[in-house]
>>> print(open('upload.tsv').read())   # TSV, C-alpha atoms
chain	number	residue	atom	x	y	z
A	1	GLY	CA	-44.53	7.35	-1.40
A	2	ASN	CA	-44.93	5.06	1.61
A	3	TYR	CA	-46.15	1.49	1.12
A	4	GLN	CA	-46.82	-1.54	3.33
A	5	ALA	CA	-45.81	-5.14	2.68
A	6	ASN	CA	-48.45	-7.08	4.60
A	7	ALA	CA	-47.26	-10.39	3.13
A	8	GLY	CA	-44.20	-11.65	1.30
A	9	ILE	CA	-44.20	-11.71	-2.52
A	10	THR	CA	-42.85	-14.56	-4.66
A	11	VAL	CA	-41.14	-13.67	-7.96
A	12	PRO	CA	-40.65	-16.82	-10.07
A	13	TYR	CA	-40.34	-14.93	-13.38
A	14	SER	CA	-37.07	-14.65	-15.28
A	15	GLY	CA	-35.99	-11.31	-16.70
A	16	ALA	CA	-38.04	-9.25	-14.23
A	17	ASP	CA	-36.89	-5.69	-13.51
A	18	ILE	CA	-38.21	-4.48	-10.14
A	19	GLU	CA	-37.61	-0.74	-9.93
A	20	MET	CA	-38.66	1.68	-7.19
A	21	HIS	CA	-38.27	5.43	-6.95
A	22	ARG	CA	-35.35	6.36	-4.72
A	23	GLU	CA	-37.81	7.98	-2.27
A	24	ALA	CA	-40.21	5.01	-2.20
A	25	ARG	CA	-40.40	3.35	1.22
A	26	ILE	CA	-41.63	-0.23	1.72
A	27	THR	CA	-42.37	-1.05	5.36
A	28	ILE	CA	-42.60	-4.78	6.11
A	29	ASN	CA	-45.57	-5.42	8.40
A	30	ASN	CA	-45.56	-9.23	8.47
A	31	THR	CA	-43.78	-12.13	10.13
A	32	ASP	CA	-43.42	-14.32	7.02
A	33	ALA	CA	-40.18	-16.24	6.52
A	34	VAL	CA	-39.39	-13.82	3.67
A	35	GLY	CA	-40.90	-10.46	4.47
A	36	PHE	CA	-40.83	-8.71	1.07
A	37	LEU	CA	-39.42	-10.50	-2.00
A	38	SER	CA	-38.62	-14.19	-2.57
A	39	ILE	CA	-36.99	-14.37	-6.00
A	40	THR	CA	-36.31	-17.60	-7.89
A	41	GLY	CA	-36.30	-16.33	-11.48
A	42	ASP	CA	-33.09	-15.83	-13.46
A	43	ARG	CA	-31.76	-12.41	-14.49
A	44	VAL	CA	-33.87	-10.43	-12.00
A	45	THR	CA	-32.83	-6.88	-11.05
A	46	LEU	CA	-33.98	-5.03	-7.92
A	47	ARG	CA	-33.24	-1.32	-8.07
A	48	GLY	CA	-33.91	1.70	-5.83
A	49	GLY	CA	-36.23	2.31	-2.92
A	50	MET	CA	-35.95	1.75	0.83
A	51	ILE	CA	-36.96	-1.53	2.48
A	52	LEU	CA	-37.74	-0.92	6.15
A	53	LYS	CA	-38.48	-3.24	9.08
A	54	THR	CA	-39.37	-1.68	12.43
A	55	SER	CA	-39.94	-4.81	14.54
A	56	TYR	CA	-37.86	-7.91	15.23
A	57	THR	CA	-38.95	-11.24	13.71
A	58	ALA	CA	-36.71	-14.22	14.43
A	59	ASP	CA	-34.94	-15.60	11.32
A	60	GLN	CA	-36.90	-13.37	8.92
A	61	ILE	CA	-35.27	-12.53	5.58
A	62	LEU	CA	-36.28	-9.27	3.93
A	63	VAL	CA	-35.22	-10.08	0.33
A	64	LYS	CA	-34.11	-13.53	-0.83
A	65	PHE	CA	-32.73	-14.87	-4.12
A	66	ALA	CA	-32.58	-18.68	-4.34
A	67	ASN	CA	-31.52	-21.29	-6.94
A	68	CYS	CA	-31.18	-18.78	-9.75
A	69	ARG	CA	-28.54	-16.89	-11.68
A	70	ASP	CA	-27.55	-13.34	-12.70
A	71	ALA	CA	-29.15	-11.51	-9.77
A	72	ILE	CA	-28.60	-7.76	-9.41
A	73	VAL	CA	-29.45	-5.46	-6.47
A	74	ARG	CA	-28.57	-1.83	-7.05
A	75	ASP	CA	-29.07	1.51	-5.24
A	76	THR	CA	-31.42	0.03	-2.62
A	77	THR	CA	-31.45	0.97	1.07
A	78	PHE	CA	-32.15	-1.74	3.66
A	79	ASP	CA	-33.07	-0.29	7.05
A	80	VAL	CA	-33.81	-2.42	10.11
A	81	LEU	CA	-34.54	-0.30	13.17
A	82	PHE	CA	-36.52	-1.75	16.04
A	83	ASN	CA	-34.47	-0.40	18.96
A	84	SER	CA	-33.97	3.16	20.12
A	85	LEU	CA	-30.68	4.61	18.95
A	86	ALA	CA	-28.25	6.03	21.43
A	87	ASP	CA	-27.58	9.68	20.69
A	88	ALA	CA	-25.46	12.57	21.81
A	89	SER	CA	-26.73	15.29	24.12
A	90	THR	CA	-26.00	18.95	23.57
A	91	ASP	CA	-22.84	18.75	25.68
A	92	GLY	CA	-21.48	15.92	23.55
A	93	VAL	CA	-21.86	13.09	26.05
A	94	VAL	CA	-23.64	9.95	24.93
A	95	THR	CA	-27.10	9.30	26.31
A	96	ALA	CA	-27.47	5.55	26.90
A	97	VAL	CA	-30.71	3.77	25.97
A	98	ALA	CA	-32.29	0.52	27.09
A	99	ALA	CA	-30.78	-2.86	26.28
A	100	PRO	CA	-31.82	-3.92	22.77
A	101	THR	CA	-34.43	-6.50	21.83
A	102	GLY	CA	-33.77	-9.42	19.47
A	103	SER	CA	-31.68	-12.60	19.64
A	104	THR	CA	-28.38	-13.22	17.84
A	105	SER	CA	-29.18	-16.95	17.80
A	106	THR	CA	-32.04	-16.22	15.35
A	107	PRO	CA	-30.87	-13.09	13.51
A	108	MET	CA	-32.79	-11.30	10.80
A	109	ILE	CA	-31.20	-11.21	7.31
A	110	MET	CA	-31.58	-8.12	5.14
A	111	LEU	CA	-30.43	-9.60	1.81
A	112	ASP	CA	-29.90	-13.32	1.23
A	113	PHE	CA	-28.47	-15.33	-1.68
A	114	ASP	CA	-28.90	-19.12	-1.54
A	115	THR	CA	-27.13	-21.14	-4.27
A	116	VAL	CA	-27.07	-18.29	-6.77
A	117	LEU	CA	-24.68	-18.23	-9.72
A	118	ARG	CA	-23.43	-14.70	-10.44
A	119	LYS	CA	-24.88	-11.95	-8.27
A	120	ARG	CA	-24.10	-8.26	-7.98
A	121	VAL	CA	-24.83	-5.83	-5.14
A	122	ASP	CA	-23.87	-2.26	-6.04
A	123	GLY	CA	-24.33	1.12	-4.36
A	124	CYS	CA	-26.64	-0.17	-1.62
A	125	ASN	CA	-27.01	1.10	1.94
A	126	PHE	CA	-27.35	-1.33	4.84
A	127	LEU	CA	-28.51	0.24	8.10
A	128	PRO	CA	-28.65	-2.60	10.63
A	129	ASP	CA	-29.87	-3.13	14.16
A	130	TYR	CA	-29.07	-5.64	16.89
A	131	ALA	CA	-29.44	-9.32	15.89
A	132	THR	CA	-29.25	-8.43	12.19
A	133	THR	CA	-27.06	-9.73	9.37
A	134	CYS	CA	-26.86	-7.30	6.47
A	135	LEU	CA	-25.93	-9.67	3.62
A	136	ARG	CA	-25.55	-13.46	3.51
A	137	SER	CA	-24.49	-15.66	0.59
A	138	THR	CA	-24.49	-19.46	0.81
A	139	ASP	CA	-22.94	-21.70	-1.87
A	140	GLY	CA	-23.10	-20.58	-5.49
A	141	SER	CA	-20.32	-18.41	-6.93
A	142	ALA	CA	-19.32	-15.03	-8.37
A	143	LEU	CA	-20.57	-12.70	-5.63
A	144	ASN	CA	-19.61	-9.08	-6.33
A	145	ILE	CA	-20.31	-6.42	-3.67
A	146	THR	CA	-19.20	-2.94	-4.72
A	147	TYR	CA	-19.48	0.57	-3.26
A	148	CYS	CA	-21.93	-0.35	-0.52
A	149	HIS	CA	-22.34	1.34	2.86
A	150	PHE	CA	-22.71	-0.66	6.08
A	151	ALA	CA	-23.08	1.92	8.81
A	152	ASN	CA	-25.26	4.54	10.40
A	153	ASP	CA	-27.21	6.97	8.24
A	154	VAL	CA	-25.41	10.23	8.93
A	155	GLU	CA	-22.38	12.09	7.72
A	156	ALA	CA	-20.21	11.13	10.69
A	157	GLY	CA	-16.53	11.69	11.22
A	158	LEU	CA	-14.34	10.59	14.10
A	159	GLY	CA	-13.98	13.78	16.12
A	160	GLY	CA	-14.61	13.46	19.84
A	161	ILE	CA	-14.09	9.73	20.28
A	162	SER	CA	-12.05	8.70	23.31
A	163	LEU	CA	-10.58	5.36	22.24
A	164	ASP	CA	-8.89	4.16	25.39
A	165	THR	CA	-10.91	5.41	28.32
A	166	GLY	CA	-14.55	6.08	29.03
A	167	PRO	CA	-16.93	7.56	28.99
A	168	VAL	CA	-16.80	7.80	25.22
A	169	VAL	CA	-17.52	11.35	24.12
A	170	VAL	CA	-19.44	11.80	20.89
A	171	TYR	CA	-20.48	15.13	19.48
A	172	ALA	CA	-23.83	15.76	17.84
A	173	GLU	CA	-22.32	15.52	14.35
A	174	ASN	CA	-20.83	12.14	15.22
A	175	PRO	CA	-23.65	10.08	16.77
A	176	ALA	CA	-23.55	6.62	18.29
A	177	PRO	CA	-23.18	3.56	16.05
A	178	ARG	CA	-25.74	1.14	14.71
A	179	LEU	CA	-25.82	-2.20	16.46
A	180	CYS	CA	-25.23	-5.19	14.17
A	181	TRP	CA	-24.55	-8.93	14.40
A	182	ARG	CA	-22.83	-9.60	11.07
A	183	ALA	CA	-22.30	-7.31	8.07
A	184	ILE	CA	-21.34	-9.82	5.34
A	185	GLN	CA	-21.53	-13.60	5.88
A	186	ILE	CA	-20.19	-15.77	3.03
A	187	ASP	CA	-20.53	-19.55	3.46
A	188	GLY	CA	-19.29	-21.77	0.66
A	189	ASP	CA	-19.53	-19.11	-2.03
A	190	GLU	CA	-16.40	-18.59	-4.13
A	191	TRP	CA	-14.78	-16.44	-6.83
A	192	GLY	CA	-16.10	-13.17	-5.48
A	193	THR	CA	-15.09	-9.55	-4.91
A	194	ILE	CA	-15.81	-7.04	-2.16
A	195	ALA	CA	-14.60	-3.63	-3.30
A	196	GLY	CA	-14.97	0.03	-2.36
A	197	CYS	CA	-17.27	-0.61	0.61
A	198	ARG	CA	-17.45	1.31	3.88
A	199	PHE	CA	-18.02	-0.40	7.22
A	200	PHE	CA	-18.28	2.24	9.91
A	201	GLY	CA	-19.77	2.72	13.35
A	202	LEU	CA	-21.18	-0.79	13.83
A	203	GLY	CA	-21.71	-2.36	17.25
A	204	ASP	CA	-21.12	-1.13	20.77
A	205	SER	CA	-17.63	-1.78	22.07
A	206	ASN	CA	-16.31	-2.83	25.43
A	207	TYR	CA	-13.63	-0.14	25.56
A	208	ALA	CA	-15.86	2.46	27.18
A	209	SER	CA	-16.46	2.49	30.91
A	210	THR	CA	-19.80	4.14	30.13
A	211	PRO	CA	-21.12	2.44	26.97
A	212	TYR	CA	-23.77	3.67	24.58
A	213	TYR	CA	-26.24	0.99	25.58
A	214	THR	CA	-26.99	-0.33	29.02
A	215	SER	CA	-25.70	-3.86	29.70
A	216	ALA	CA	-23.16	-3.36	26.91
A	217	PRO	CA	-21.10	-4.41	25.09
A	218	TYR	CA	-23.10	-5.47	22.04
A	219	GLU	CA	-20.27	-6.40	19.72
A	220	LEU	CA	-20.36	-7.92	16.25
A	221	ASP	CA	-19.62	-11.58	15.68
A	222	PHE	CA	-17.69	-10.29	12.68
A	223	VAL	CA	-17.78	-7.57	10.04
A	224	VAL	CA	-16.99	-9.94	7.14
A	225	ARG	CA	-16.49	-13.70	7.16
A	226	ILE	CA	-15.50	-15.72	4.09
A	227	LYS	CA	-15.87	-19.43	4.90
A	228	ARG	CA	-14.94	-22.39	2.74
A	229	GLY	CA	-17.86	-24.71	1.93
A	230	THR	CA	-18.02	-27.98	3.83
A	231	SER	CA	-19.65	-29.98	1.04
A	232	VAL	CA	-20.46	-29.82	-2.65
A	233	PRO	CA	-23.95	-28.32	-2.99
A	234	THR	CA	-26.59	-29.95	-5.17
A	235	GLY	CA	-28.99	-28.40	-7.63
A	236	SER	CA	-29.00	-26.97	-11.13
A	237	PHE	CA	-26.60	-24.15	-10.32
A	238	ALA	CA	-24.25	-25.92	-7.93
A	239	THR	CA	-20.55	-25.17	-8.16
A	240	SER	CA	-17.66	-27.33	-7.05
A	241	GLN	CA	-16.21	-26.53	-3.64
A	242	SER	CA	-12.97	-28.41	-4.34
A	243	GLU	CA	-10.86	-25.35	-3.58
A	244	GLY	CA	-13.16	-22.68	-2.14
A	245	GLY	CA	-12.22	-19.06	-1.64
A	246	HIS	CA	-10.71	-17.17	-4.59
A	247	PHE	CA	-11.97	-13.88	-3.15
A	248	VAL	CA	-10.62	-10.35	-3.55
A	249	PHE	CA	-11.13	-7.83	-0.73
A	250	ILE	CA	-9.90	-4.49	-2.10
A	251	ASN	CA	-10.15	-0.76	-1.37
A	252	ASN	CA	-12.54	-1.09	1.57
A	253	ARG	CA	-12.66	0.88	4.82
A	254	VAL	CA	-13.36	-0.92	8.09
A	255	GLU	CA	-13.30	1.57	10.96
A	256	TRP	CA	-14.89	2.05	14.37
A	257	CYS	CA	-16.60	-1.35	14.25
A	258	ALA	CA	-16.84	-3.20	17.56
A	259	ALA	CA	-15.73	-6.68	16.49
A	260	PRO	CA	-13.02	-8.60	18.37
A	261	LYS	CA	-12.35	-10.48	15.12
A	262	ALA	CA	-13.40	-8.06	12.38
A	263	ILE	CA	-12.50	-9.87	9.13
A	264	LYS	CA	-12.47	-13.68	9.26
A	265	ILE	CA	-11.10	-15.93	6.52
A	266	TRP	CA	-11.93	-19.57	7.28
A	267	GLY	CA	-10.27	-22.03	4.92
A	268	ALA	CA	-10.99	-19.84	1.89
A	269	GLY	CA	-7.72	-20.12	0.00
A	270	SER	CA	-6.41	-17.84	-2.74
A	271	THR	CA	-7.97	-14.84	-1.02
A	272	HIS	CA	-6.23	-11.54	-1.75
A	273	ILE	CA	-6.55	-8.52	0.55
A	274	PHE	CA	-5.28	-5.33	-1.10
A	275	GLY	CA	-5.28	-1.61	-0.37
A	276	ASN	CA	-7.77	-1.49	2.49
A	277	MET	CA	-7.96	0.75	5.54
A	278	PHE	CA	-8.54	-0.95	8.90
A	279	GLY	CA	-8.77	1.14	12.04
A	280	LEU	CA	-10.18	2.03	15.44
A	281	ASN	CA	-11.04	-1.36	16.88
A	282	ASN	CA	-10.37	-1.59	20.59
A	283	SER	CA	-12.83	-4.50	20.83
A	284	ALA	CA	-9.84	-6.69	19.94
A	285	ASN	CA	-8.37	-7.05	23.42
A	286	ALA	CA	-7.17	-10.65	23.85
A	287	ALA	CA	-4.91	-13.22	22.21
A	288	ASN	CA	-6.18	-14.53	18.82
A	289	GLU	CA	-8.25	-11.37	18.31
A	290	ALA	CA	-7.36	-8.94	15.52
A	291	MET	CA	-8.62	-6.86	12.65
A	292	LEU	CA	-7.84	-9.71	10.26
A	293	VAL	CA	-8.07	-13.33	11.49
A	294	ILE	CA	-7.20	-16.16	9.08
A	295	THR	CA	-7.57	-19.77	10.20
A	296	GLY	CA	-8.85	-23.25	9.28
A	297	ALA	CA	-12.21	-23.88	7.67
A	298	ASP	CA	-13.92	-24.53	10.99
A	299	GLY	CA	-12.58	-21.34	12.56
A	300	THR	CA	-9.88	-23.11	14.60
A	301	SER	CA	-6.53	-24.84	14.10
A	302	THR	CA	-8.29	-27.86	12.60
A	303	GLY	CA	-10.25	-28.24	9.39
A	304	THR	CA	-9.06	-27.40	5.89
A	305	GLU	CA	-6.17	-24.96	6.09
A	306	THR	CA	-6.21	-21.61	4.36
A	307	GLY	CA	-3.61	-21.53	1.59
A	308	ASN	CA	-2.13	-18.91	-0.72
A	309	ILE	CA	-3.14	-15.73	1.09
A	310	VAL	CA	-1.86	-12.34	-0.07
A	311	ILE	CA	-2.12	-9.31	2.25
A	312	ASN	CA	-0.61	-6.28	0.55
A	313	GLY	CA	-0.67	-2.50	0.78
A	314	ASN	CA	-3.12	-2.15	3.65
A	315	ASP	CA	-3.26	0.51	6.38
A	316	PHE	CA	-3.75	-0.87	9.90
A	317	HIS	CA	-4.10	1.72	12.65
A	318	ASN	CA	-5.45	1.55	16.23
A	319	SER	CA	-6.06	-2.14	15.56
A	320	ALA	CA	-6.34	-3.40	19.13
A	321	PHE	CA	-6.73	-2.31	22.72
A	322	THR	CA	-3.74	-0.85	24.55
A	323	GLY	CA	-1.41	-3.33	26.21
A	324	THR	CA	-3.27	-6.50	25.19
A	325	ASP	CA	-2.09	-9.51	23.15
A	326	ALA	CA	-4.46	-8.72	20.30
A	327	GLY	CA	-3.13	-7.25	17.05
A	328	ALA	CA	-3.74	-6.30	13.43
A	329	ILE	CA	-3.26	-9.72	11.77
A	330	ASP	CA	-3.63	-13.17	13.37
A	331	LEU	CA	-2.75	-16.35	11.46
A	332	GLU	CA	-3.50	-19.94	12.48
A	333	ARG	CA	-3.48	-23.03	10.20
A	334	VAL	CA	-2.33	-21.05	7.17
A	335	ASP	CA	-0.03	-22.18	4.36
A	336	GLU	CA	1.84	-19.69	2.16
A	337	ALA	CA	0.75	-16.33	3.50
A	338	MET	CA	2.45	-13.37	1.82
A	339	ILE	CA	2.27	-10.20	3.95
A	340	THR	CA	4.03	-7.35	2.18
A	341	GLY	CA	3.99	-3.57	2.02
A	342	ASN	CA	1.50	-2.99	4.81
A	343	LYS	CA	1.55	-0.04	7.21
A	344	PHE	CA	1.00	-0.50	10.95
A	345	THR	CA	0.52	2.70	12.97
A	346	VAL	CA	-0.58	3.52	16.51
A	347	VAL	CA	0.23	-0.04	17.55
A	348	ALA	CA	-0.70	0.10	21.24
A	349	SER	CA	-1.08	-3.67	21.76
A	350	THR	CA	1.87	-5.99	22.30
A	351	ARG	CA	2.04	-7.12	18.68
A	352	ALA	CA	0.99	-6.28	15.12
A	353	ILE	CA	1.20	-9.76	13.52
A	354	THR	CA	0.74	-13.13	15.22
A	355	LEU	CA	1.62	-16.51	13.66
A	356	LYS	CA	0.56	-19.39	15.88
A	357	ALA	CA	3.45	-21.78	16.39
A	358	GLY	CA	3.21	-25.12	14.62
A	359	THR	CA	0.19	-24.20	12.49
A	360	CYS	CA	1.58	-21.78	9.88
A	361	LYS	CA	3.74	-22.95	6.99
A	362	ARG	CA	5.90	-20.96	4.58
A	363	PRO	CA	4.95	-17.41	5.65
A	364	HIS	CA	6.57	-14.48	3.85
A	365	ILE	CA	6.58	-11.13	5.66
A	366	SER	CA	8.39	-8.08	4.30
A	367	GLY	CA	8.33	-4.28	4.07
>>> encode(input="upload.tsv", output="structure tokens")
Amino acid sequence: GNYQANAGITVPYSGADIEMHREARITINNTDAVGFLSITGDRVTLRGGMILKTSYTADQILVKFANCRDAIVRDTTFDVLFNSLADASTDGVVTAVAAPTGSTSTPMIMLDFDTVLRKRVDGCNFLPDYATTCLRSTDGSALNITYCHFANDVEAGLGGISLDTGPVVVYAENPAPRLCWRAIQIDGDEWGTIAGCRFFGLGDSNYASTPYYTSAPYELDFVVRIKRGTSVPTGSFATSQSEGGHFVFINNRVEWCAAPKAIKIWGAGSTHIFGNMFGLNNSANAANEAMLVITGADGTSTGTETGNIVINGNDFHNSAFTGTDAGAIDLERVDEAMITGNKFTVVASTRAITLKAGTCKRPHISG
């Protein structure tokens, strides 16, 4: 059935199991700070259903867990759609639509965790729009995101895309992407895993002379950012930020996402990146831009350095725009990076790996 959320709901109860039929649709028709569920109870599970927002509300969060533990979100679809989607005409050429509404300075958040100890997000679909962050986690620990889909809502392949010149041609079975600001934003959380997820067709790139949206490009700030905490949080479920990081990013696919710096690791040491597929990102078209950017905790060559990074067994292809100084991997203020057994194909830019002079210590690159 179809239901309306005319006001946000607070769930302070521990052990609650909130289950919706897979075909149930909740449309948020309010401008509250938290549009649907604000959950503070321990051991709460949200399962099933579709949570839909069809208008932009600055800084609104659709579902929020705060100061609790053992949160689970499973098999739920989050759909934010308040702009017209670009689409393909019968001859396969993209039909541009008006510039999108919304502001990236006050983005909406689909799913938010604030100082939560142990949380799991499994089998969920995130269908974003402009000025939208799909998932954010701040402080806390043990975030596990598995088998989730951050993309458009169609069975889309890659046929018909012109990567280097415009106009971009897209056939009816391969429609234009969903705009997005950030897919996964992790600030100060640690000891987590992102596994088996698909990030596809997000943002509107600058590589087309005729873009999908007028006044384009509308690129992502990033697809995933894992940022070391700047202070030790307070509260009953606070965790020490003495080291930060300790994340595993494994068996994910990041393709056709318009992000000059797609995956950012900021000071989050002991992060391991294994067996992923990164491809089709011509939004990286300048020095210090790449599929994978690892740097200090403040996003520059200052701040806490990122130590003990392992990048192994990944497939990088079409990682940057032709002839530019962008690449697949960019390292700055990194200590002990091990880059082994990766595959770099269709390298059209001037480099695959960049280590900024004077800021990287003890790198190991092989095979």
>>> residues_around(input="upload.tsv", residues="Ala287 (chain A)", least_positions_apart="4", cutoff="10 Å", atoms="only C-alpha atoms", output="PyMOL selection string")
chain A and resi 324-327+330+350-351+354
>>> residues_around(input="upload.tsv", residues="His246 (chain A)", least_positions_apart="4", cutoff="12 Å", atoms="only C-alpha atoms", output="PDB file with C-alpha atoms, in the coordinates of the input")
ATOM      1  CA  SER A 141     -20.320 -18.410  -6.930  1.00  0.00           C
ATOM      2  CA  ALA A 142     -19.320 -15.030  -8.370  1.00  0.00           C
ATOM      3  CA  LEU A 143     -20.570 -12.700  -5.630  1.00  0.00           C
ATOM      4  CA  GLY A 188     -19.290 -21.770   0.660  1.00  0.00           C
ATOM      5  CA  ASP A 189     -19.530 -19.110  -2.030  1.00  0.00           C
ATOM      6  CA  GLU A 190     -16.400 -18.590  -4.130  1.00  0.00           C
ATOM      7  CA  TRP A 191     -14.780 -16.440  -6.830  1.00  0.00           C
ATOM      8  CA  GLY A 192     -16.100 -13.170  -5.480  1.00  0.00           C
ATOM      9  CA  THR A 193     -15.090  -9.550  -4.910  1.00  0.00           C
ATOM     10  CA  ILE A 194     -15.810  -7.040  -2.160  1.00  0.00           C
ATOM     11  CA  ILE A 226     -15.500 -15.720   4.090  1.00  0.00           C
ATOM     12  CA  LYS A 227     -15.870 -19.430   4.900  1.00  0.00           C
ATOM     13  CA  ARG A 228     -14.940 -22.390   2.740  1.00  0.00           C
ATOM     14  CA  GLN A 241     -16.210 -26.530  -3.640  1.00  0.00           C
ATOM     15  CA  SER A 242     -12.970 -28.410  -4.340  1.00  0.00           C
ATOM     16  CA  ILE A 265     -11.100 -15.930   6.520  1.00  0.00           C
ATOM     17  CA  GLY A 267     -10.270 -22.030   4.920  1.00  0.00           C
ATOM     18  CA  ALA A 268     -10.990 -19.840   1.890  1.00  0.00           C
ATOM     19  CA  GLY A 269      -7.720 -20.120   0.000  1.00  0.00           C
ATOM     20  CA  SER A 270      -6.410 -17.840  -2.740  1.00  0.00           C
ATOM     21  CA  THR A 271      -7.970 -14.840  -1.020  1.00  0.00           C
ATOM     22  CA  HIS A 272      -6.230 -11.540  -1.750  1.00  0.00           C
ATOM     23  CA  ILE A 273      -6.550  -8.520   0.550  1.00  0.00           C
ATOM     24  CA  THR A 306      -6.210 -21.610   4.360  1.00  0.00           C
ATOM     25  CA  GLY A 307      -3.610 -21.530   1.590  1.00  0.00           C
ATOM     26  CA  ASN A 308      -2.130 -18.910  -0.720  1.00  0.00           C
ATOM     27  CA  ILE A 309      -3.140 -15.730   1.090  1.00  0.00           C
ATOM     28  CA  VAL A 310      -1.860 -12.340  -0.070  1.00  0.00           C
TER      29      VAL A 310
END
>>> residues_around(input="upload.tsv", residues="Thr31 (chain A)", least_positions_apart="4", cutoff="10 Å", atoms="all atoms listed in the file", output="PyMOL selection string")
chain A and resi 6-8+35+55-61
>>> write_last_selection(input="upload.tsv", atoms="C-alpha atoms", output="PDB file, in the frame of the given file")
ATOM      1  CA  ASN A   6     -48.450  -7.080   4.600  1.00  0.00           C
ATOM      2  CA  ALA A   7     -47.260 -10.390   3.130  1.00  0.00           C
ATOM      3  CA  GLY A   8     -44.200 -11.650   1.300  1.00  0.00           C
ATOM      4  CA  GLY A  35     -40.900 -10.460   4.470  1.00  0.00           C
ATOM      5  CA  SER A  55     -39.940  -4.810  14.540  1.00  0.00           C
ATOM      6  CA  TYR A  56     -37.860  -7.910  15.230  1.00  0.00           C
ATOM      7  CA  THR A  57     -38.950 -11.240  13.710  1.00  0.00           C
ATOM      8  CA  ALA A  58     -36.710 -14.220  14.430  1.00  0.00           C
ATOM      9  CA  ASP A  59     -34.940 -15.600  11.320  1.00  0.00           C
ATOM     10  CA  GLN A  60     -36.900 -13.370   8.920  1.00  0.00           C
ATOM     11  CA  ILE A  61     -35.270 -12.530   5.580  1.00  0.00           C
TER      12      ILE A  61
END
>>> closest_residue(input="upload.tsv", among="A:Asp221, A:Phe36, A:Glu289, A:Leu127", to="Pro107 (chain A)", atoms="only C-alpha atoms")
A:Asp221
>>> atom_distance(input="upload.tsv", atom1="CA of Ala352 (chain A)", atom2="CA of Ala151 (chain A)")
26.2 Å
